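Peer 1: Data: model-v2.cif, mmCIF, C-alpha atoms and all ligand atoms.
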data_protein
loop_
_atom_site.label_atom_id
_atom_site.label_comp_id
_atom_site.auth_asym_id
_atom_site.auth_seq_id
_atom_site.Cartn_x
_atom_site.Cartn_y
_atom_site.Cartn_z
CA MET A 1 -42.94 -22.98 1.56
CA SER A 2 -45.87 -25.32 1.64
CA ASP A 3 -46.51 -24.65 -2.08
CA HIS A 4 -42.98 -25.72 -2.86
CA ALA A 5 -43.24 -28.83 -0.73
CA GLY A 6 -46.52 -29.59 -2.48
CA THR A 7 -44.87 -29.32 -5.90
CA GLU A 8 -42.19 -31.79 -4.80
CA ALA A 9 -44.83 -34.20 -3.63
CA VAL A 10 -46.75 -34.30 -6.93
CA LEU A 11 -43.74 -34.53 -9.26
CA PRO A 12 -43.99 -37.55 -11.51
CA GLU A 13 -41.15 -40.02 -11.10
CA GLY A 14 -39.36 -38.95 -14.31
CA GLU A 15 -39.34 -35.37 -13.17
CA GLY A 16 -37.64 -36.43 -9.96
CA VAL A 17 -34.89 -38.15 -11.92
CA ARG A 18 -34.32 -35.07 -14.03
CA ARG A 19 -34.11 -33.01 -10.88
CA ARG A 20 -31.39 -35.30 -9.52
CA ASP A 21 -29.56 -35.05 -12.83
CA PHE A 22 -29.72 -31.33 -12.54
CA ILE A 23 -28.22 -31.56 -9.06
CA ASN A 24 -25.39 -33.69 -10.44
CA ILE A 25 -24.78 -31.22 -13.25
CA ALA A 26 -24.78 -28.39 -10.72
CA ALA A 27 -22.18 -30.21 -8.63
CA VAL A 28 -19.98 -30.71 -11.68
CA SER A 29 -20.39 -27.06 -12.63
CA ALA A 30 -19.40 -26.01 -9.14
CA ALA A 31 -16.23 -28.09 -9.46
CA GLY A 32 -15.58 -26.38 -12.78
CA VAL A 33 -16.04 -22.99 -11.18
CA GLY A 34 -13.56 -24.00 -8.51
CA GLY A 35 -11.00 -24.53 -11.24
CA VAL A 36 -11.66 -21.08 -12.62
CA ILE A 37 -11.39 -19.48 -9.19
CA THR A 38 -7.91 -20.85 -8.67
CA LEU A 39 -6.83 -19.09 -11.86
CA LEU A 40 -8.36 -15.73 -10.97
CA PRO A 41 -5.66 -14.45 -8.61
CA LEU A 42 -3.07 -15.00 -11.33
CA VAL A 43 -5.20 -13.23 -13.91
CA SER A 44 -5.92 -10.32 -11.61
CA GLN A 45 -2.24 -9.88 -10.82
CA MET A 46 -1.56 -9.46 -14.50
CA ALA A 47 -4.49 -7.15 -15.19
CA PRO A 48 -6.23 -5.62 -12.19
CA SER A 49 -9.90 -4.92 -12.81
CA ALA A 50 -11.13 -1.34 -13.13
CA ASP A 51 -12.55 -1.16 -9.61
CA VAL A 52 -9.30 -2.45 -8.13
CA LEU A 53 -7.39 0.17 -10.09
CA ALA A 54 -9.76 2.90 -8.95
CA GLU A 55 -9.27 1.92 -5.33
CA SER A 56 -5.55 1.69 -5.76
CA SER A 57 -4.77 5.36 -6.17
CA THR A 58 -5.07 8.20 -3.68
CA GLU A 59 -5.03 11.92 -4.39
CA ILE A 60 -3.73 14.21 -1.70
CA ASP A 61 -3.71 18.01 -1.57
CA VAL A 62 -0.34 18.98 -0.14
CA SER A 63 -0.81 22.76 -0.20
CA ALA A 64 -1.32 23.02 3.56
CA ILE A 65 1.85 21.13 4.50
CA ALA A 66 4.45 23.71 5.52
CA PRO A 67 8.20 23.01 5.30
CA GLY A 68 9.14 20.80 8.25
CA GLN A 69 5.65 19.30 8.46
CA ALA A 70 4.30 15.97 7.35
CA ILE A 71 0.94 14.29 7.11
CA LYS A 72 -0.14 10.68 7.23
CA GLY A 73 -2.44 9.47 4.48
CA MET A 74 -3.72 6.06 3.51
CA PHE A 75 -2.76 4.22 0.37
CA ARG A 76 -3.99 0.69 -0.34
CA LYS A 77 -5.02 0.47 3.31
CA GLN A 78 -1.52 1.27 4.51
CA PRO A 79 -0.14 4.51 5.95
CA VAL A 80 1.78 6.81 3.68
CA PHE A 81 3.87 9.77 4.82
CA ILE A 82 3.96 12.99 2.84
CA ARG A 83 6.65 15.28 4.11
CA ASN A 84 7.71 18.75 3.09
CA LEU A 85 11.43 18.81 3.88
CA THR A 86 13.07 22.02 5.03
CA PRO A 87 16.14 23.21 3.09
CA ALA A 88 18.25 22.02 6.07
CA GLU A 89 16.69 18.54 5.89
CA VAL A 90 17.35 18.37 2.15
CA GLU A 91 20.93 19.43 2.76
CA ALA A 92 21.37 16.85 5.53
CA ALA A 93 20.11 14.11 3.20
CA ASN A 94 22.38 15.21 0.36
CA LYS A 95 25.48 15.37 2.60
CA VAL A 96 25.36 11.63 3.38
CA ASP A 97 27.90 9.39 1.66
CA VAL A 98 25.48 7.17 -0.25
CA ALA A 99 28.01 4.33 -0.53
CA SER A 100 27.98 4.00 3.24
CA LEU A 101 24.24 3.30 3.35
CA ARG A 102 22.67 -0.07 3.95
CA ASP A 103 20.21 0.59 1.11
CA PRO A 104 22.11 3.12 -1.04
CA GLU A 105 19.85 5.72 -2.64
CA THR A 106 20.11 9.47 -3.03
CA LEU A 107 17.34 11.85 -2.04
CA LYS A 108 17.10 12.73 -5.72
CA GLN A 109 16.38 9.10 -6.60
CA ARG A 110 13.65 9.02 -3.98
CA THR A 111 11.88 12.22 -5.03
CA LYS A 112 10.67 13.91 -8.22
CA GLU A 113 12.79 16.32 -10.21
CA GLY A 114 12.30 19.90 -9.08
CA LYS A 115 10.38 18.69 -6.03
CA GLU A 116 13.17 17.26 -3.91
CA ASN A 117 11.56 18.71 -0.80
CA TRP A 118 8.53 16.41 -1.16
CA LEU A 119 9.41 13.10 0.45
CA ILE A 120 6.62 10.60 -0.08
CA THR A 121 7.05 7.17 1.43
CA MET A 122 5.06 4.34 2.87
CA GLY A 123 4.70 4.63 6.63
CA VAL A 124 5.59 1.00 7.12
CA CYS A 125 8.86 -0.03 8.75
CA THR A 126 10.77 -2.40 6.51
CA HIS A 127 11.69 -4.57 9.48
CA LEU A 128 8.39 -6.05 10.64
CA GLY A 129 5.89 -3.51 9.44
CA CYS A 130 5.26 -1.19 12.39
CA VAL A 131 4.32 2.42 11.68
CA PRO A 132 7.34 4.61 12.43
CA LEU A 133 7.04 7.88 14.35
CA GLY A 134 8.05 11.24 12.92
CA ALA A 135 5.21 12.27 10.61
CA GLY A 136 2.83 13.40 13.35
CA GLU A 137 3.09 16.74 15.14
CA GLY A 138 5.58 16.43 18.02
CA GLU A 139 6.50 12.81 17.31
CA VAL A 140 10.09 11.74 17.86
CA LYS A 141 12.05 11.60 14.60
CA GLY A 142 15.01 9.59 15.85
CA GLU A 143 18.67 10.45 15.82
CA PHE A 144 18.83 10.93 12.03
CA GLY A 145 15.96 13.38 11.97
CA GLY A 146 13.60 11.39 9.76
CA TYR A 147 11.53 8.63 11.28
CA PHE A 148 11.92 6.37 14.27
CA CYS A 149 10.32 2.96 14.59
CA PRO A 150 9.47 2.32 18.24
CA CYS A 151 9.03 -1.43 17.79
CA HIS A 152 12.70 -2.36 17.60
CA GLY A 153 14.46 0.99 17.24
CA SER A 154 15.07 1.47 13.52
CA SER A 155 16.07 5.04 12.66
CA TYR A 156 15.54 6.59 9.24
CA ASP A 157 17.11 9.81 8.00
CA THR A 158 15.57 12.87 6.32
CA ALA A 159 15.33 10.94 3.05
CA ALA A 160 13.64 8.09 5.00
CA ARG A 161 16.67 5.88 4.43
CA ILE A 162 17.50 3.26 7.02
CA ARG A 163 20.47 4.35 9.10
CA LYS A 164 20.36 2.30 12.29
CA GLY A 165 18.46 -0.64 13.75
CA PRO A 166 17.21 -3.90 12.27
CA ALA A 167 15.24 -2.63 9.25
CA PRO A 168 16.92 -3.84 6.04
CA LYS A 169 15.57 -1.26 3.59
CA ASN A 170 14.65 2.39 3.25
CA LEU A 171 10.99 3.29 3.69
CA GLN A 172 9.43 2.37 0.37
CA VAL A 173 8.64 5.15 -2.08
CA PRO A 174 5.32 4.32 -3.77
CA GLU A 175 4.51 5.12 -7.38
CA TYR A 176 3.28 8.70 -7.48
CA ALA A 177 3.06 11.82 -9.61
CA PHE A 178 2.22 15.47 -9.11
CA THR A 179 -0.91 16.09 -11.15
CA SER A 180 -0.67 19.82 -10.35
CA ASP A 181 1.58 21.95 -8.16
CA THR A 182 -0.35 20.93 -5.07
CA ILE A 183 -2.02 17.60 -5.84
CA VAL A 184 -0.16 14.34 -5.56
CA LYS A 185 -1.63 11.20 -6.99
CA ILE A 186 -0.24 8.12 -5.32
CA GLY A 187 -0.61 4.84 -7.15
S1 LIG A 201 9.24 -3.15 12.95
FE1 LIG A 201 10.35 -1.32 12.90
S2 LIG A 201 12.19 -1.81 13.88
FE2 LIG A 201 11.08 -3.66 13.89
#
Using structure tokens, write down the structure that the file contains.
Peer 2:
Amino acid sequence: MSDHAGTEAVLPEGEGVRRRDFINIAAVSAAGVGGVITLLPLVSQMAPSADVLAESSTEIDVSAIAPGQAIKGMFRKQPVFIRNLTPAEVEAANKVDVASLRDPETLKQRTKEGKENWLITMGVCTHLGCVPLGAGEGEVKGEFGGYFCPCHGSSYDTAARIRKGPAPKNLQVPEYAFTSDTIVKIG
């Protein structure tokens, strides 16, 4: 500390001027950096950096999820539901007249070919973002047997499609793929 203060004290006058110039240049550079920073969010939306990409996928082993069970995972810091539908739940979803739905989608459109029993959705109500019940052991599933949002009473069916209540859309199906028979990579 005192060394530094001493250096300041013995600087010749010209040196002091250069130092001030440097400070001015630094201030200008900082303003320039500010301009770059405002561009960054746009750039990163177009091309996420490697570490963002790495964080943005989640691998889940589904081998322990029996038919009729579900688990809650996390994907991009939000809950995700992975549900192994029973044959009866698949049948119930397929029996619905899709044209009558608020957000018309078939179970087939919401699942992967040959794996219609694996319903993978975000656990985020499309009304105001509460976490619906129905994935946890013993949780109420609502009158359509899928998920029930306790915040304002939205009910989702066994394909996690909105059937009743204020939510405008089905529970969102994230991007995912089965990397093996039992591993799902979300994102
Ligand atoms: S947040 Fe789910 S019904 Fe409102």
Peer 1: Distance atom CA of Gly136 of chain A-atom CA of Ser100 of chain A, one decimal place?
Peer 2: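 These atoms are spaced 28.7 Å apart.
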Peer 1: Env of segment 173-186 of chain A: 7 Å cut, atoms = only C-alpha atoms, seq-sep filter 6 positions within chain, self excluded. Answer as a ChimeraX atom specification.
Peer 2: /A:57-63,110,120-122
Peer 1: Just give me the gap between atom CA of Gly68 of chain A and atom CA of Asn84 of chain A in Å, one decimal is fine.
Peer 2: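 Taking atom CA of Gly68 of chain A and atom CA of Asn84 of chain A, their separation equals 5.7 Å.
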Peer 1: Could you give me the residues within 8 Å of ligand LIG 201 (chain A), counting all atoms listed in the file, as a PyMOL selection string?
Peer 2: chain A and resi 124-132+148-155+165-167
Peer 1: Tell me which of A:Ile65, A:Val140, A:Ala159, A:Ala135 sits closest to Val90 of chain A, counting all atoms listed in the file.
Peer 2: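 Among the listed residues, A:Ala159 lies closest to Val90 of chain A.
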Peer 1: Which of these, A:Asp157, A:Asp97, A:Asp103, A:Glu139, has the shortest distance to Leu85 of chain A once you count all atoms listed in the file?
Peer 2: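 Smallest separation from Leu85 of chain A among the options: A:Asp157.
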Peer 1: I'd like the interatomic distance between atom CA of Leu107 of chain A and atom CA of Tyr156 of chain A, to a tenth of an Å.
Peer 2: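 Computing the Euclidean distance for atom CA of Leu107 of chain A and atom CA of Tyr156 of chain A yields 12.6 Å.
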Peer 1: Which residue is closest to Pro67 of chain A? Choose from A:Leu119, A:Leu133, A:Val80, A:Ala99 and count all atoms listed in the file.
Peer 2: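 Of the candidates, the smallest distance to Pro67 of chain A is held by A:Leu119.
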Peer 1: Nearest to Arg163 of chain A: which of A:Lys77, A:Lys141, A:Arg102, A:Lys112 is it, counting only C-alpha atoms?
Peer 2: A:Arg102
Peer 1: Need the axis-aligned box for segment 134-148 of chain A with 8 Å each side, so what are the centre and edges in Å to one decimal, as JSON?
Peer 2:
{"center_x": 10.8, "center_y": 11.6, "center_z": 13.9, "size_x": 32.0, "size_y": 26.4, "size_z": 24.3}
